[in-house]
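Read the structure below first, then the notes.
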Amino acid sequence: MAESHSDADATCTEGGNISIAIIGSKVDVKTLDNQYINATTLDAVYTRCPLVKPLIQKAVIKGIGGERDEQEVRDIKPESPHILLHCWTNERFLDVLQDHESGKLKKCLRKELSNVGVKVGELVVEIKNMEEVNKTKEAINTRYKIYANYTTLKTPNIVIVTRINNKLYLSF
């Protein structure tokens, strides 16, 4: 087998896109005088409150892991906090997906929104391109399996060390 594999082949390439919709209802926005304004949806606050919109954007970016080398927020839709997140590595892609599946992503987003004065009663974090995400996840898992099989074949199970005339010889 003349193929060349490295750690980077299985663990540090590819990544993928995750399209995330953040849907909230029963929203309260804290004003400068510590009063709350009620809104029906997070979309309504996002589109109708120009002073709050950048705060929501920053909270969303921070809630999905912040600015980091392994990911890039490529698009935040102007009509709602719906983002396109590009993960540069397989690990980050799988981490974001796991955070979504476990509810951690939703919890972080709720916390960051609350930190900027936006309380959301009901919050839904939805992956809009789930079919593409599942295909990417399957491809990543396949690459990991191939890499694991390759390294298992390469790694000897038994090593015999023999000393002859003060020289060590390894037998596999």
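Chain labels run A, B, ... following the order of the structure tokens; each chain numbers its residues from 1, and ligands are numbered from 1 in the order shown.
Residues in contact with range 125-142 of chain A at 8 Å, where only C-alpha atoms are counted and same-chain residues fewer than 4 positions away are skipped, are listed as Ala10, Gly15, Gly16, Asn17, Ile18, Ser19, Ile20, Ala21, Ile22, Ile23, Asn90, Leu94, His100, Leu105, Lys106 and Ile146 of chain A.
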Exercise for review: Using only C-alpha atoms, determine which residues lie at most 10 Å from Tyr36 in chain A, disregarding the query and same-chain residues fewer than 3 positions distant; provide the list as a PyMOL selection string.
Suggested key: chain A and resi 27-33+39+117-119
Practice item. Please report, as a PyMOL selection string, each residue of range 61-124 of chain A to which DSSP assigns helix (DSSP H, G or I) when run on this structure's backbone. Key: chain A and resi 61-63+90-102+104-115
Point to revise | Which of range 61-166 of chain A fall in strand (DSSP E), as a list in words | key: Gln71, Glu72, Val73, Arg74, Asp75, Ile76, His82, Ile83, Leu84, Leu85, His86, Cys87, Val118, Lys119, Val120, Gly121, Glu122, Leu123, Val124, Val125, Glu126, Ile127, Ile160, Val161, Thr162, Arg163 and Ile164 of chain A
What does the file look like for those residues with C-alpha atoms, as a PDB file, in the first residue's frame?
ATOM      1  CA  GLN A  71     -14.229  28.921  12.729  1.00  0.00           C
ATOM      2  CA  GLU A  72     -15.557  31.921  10.864  1.00  0.00           C
ATOM      3  CA  VAL A  73     -18.986  33.508  10.982  1.00  0.00           C
ATOM      4  CA  ARG A  74     -19.524  34.118   7.292  1.00  0.00           C
ATOM      5  CA  ASP A  75     -22.968  35.622   7.327  1.00  0.00           C
ATOM      6  CA  ILE A  76     -25.478  37.004   9.773  1.00  0.00           C
ATOM      7  CA  HIS A  82     -29.531  33.422  11.377  1.00  0.00           C
ATOM      8  CA  ILE A  83     -25.867  32.714  10.754  1.00  0.00           C
ATOM      9  CA  LEU A  84     -23.656  30.696   8.468  1.00  0.00           C
ATOM     10  CA  LEU A  85     -20.786  29.274  10.493  1.00  0.00           C
ATOM     11  CA  HIS A  86     -17.805  27.818   8.652  1.00  0.00           C
ATOM     12  CA  CYS A  87     -15.652  25.437  10.674  1.00  0.00           C
ATOM     13  CA  VAL A 118     -31.971  40.395  26.027  1.00  0.00           C
ATOM     14  CA  LYS A 119     -33.997  37.808  27.926  1.00  0.00           C
ATOM     15  CA  VAL A 120     -35.545  35.141  25.726  1.00  0.00           C
ATOM     16  CA  GLY A 121     -38.404  33.093  27.184  1.00  0.00           C
ATOM     17  CA  GLU A 122     -38.471  30.390  24.544  1.00  0.00           C
ATOM     18  CA  LEU A 123     -35.325  29.798  22.530  1.00  0.00           C
ATOM     19  CA  VAL A 124     -34.874  27.397  19.635  1.00  0.00           C
ATOM     20  CA  VAL A 125     -31.504  26.815  17.991  1.00  0.00           C
ATOM     21  CA  GLU A 126     -32.031  25.038  14.697  1.00  0.00           C
ATOM     22  CA  ILE A 127     -29.563  23.748  12.139  1.00  0.00           C
ATOM     23  CA  ILE A 160      10.908  -8.545  20.393  1.00  0.00           C
ATOM     24  CA  VAL A 161      14.132  -6.902  21.491  1.00  0.00           C
ATOM     25  CA  THR A 162      17.257  -8.994  21.102  1.00  0.00           C
ATOM     26  CA  ARG A 163      20.760  -8.020  22.184  1.00  0.00           C
ATOM     27  CA  ILE A 164      23.595  -9.470  20.142  1.00  0.00           C
TER      28      ILE A 164
END
Using 8 Å as the limit and counting only C-alpha atoms, can you tabulate each residue of range 80-161 of chain A that touches range 64-70 of chain A, with its shortest atom-to-atom distance in Å and the two atoms involved, as CSV?
residue,atom,partner,partner_atom,distance
A:Cys87,CA,A:Glu70,CA,5.8
A:Trp88,CA,A:Glu70,CA,5.1
A:Thr89,CA,A:Glu70,CA,6.0
A:Arg92,CA,A:Glu70,CA,6.2
A:Val96,CA,A:Ile64,CA,7.6
A:Leu105,CA,A:Ile64,CA,6.4
A:Cys108,CA,A:Ile64,CA,7.3
A:Leu109,CA,A:Ile64,CA,7.0
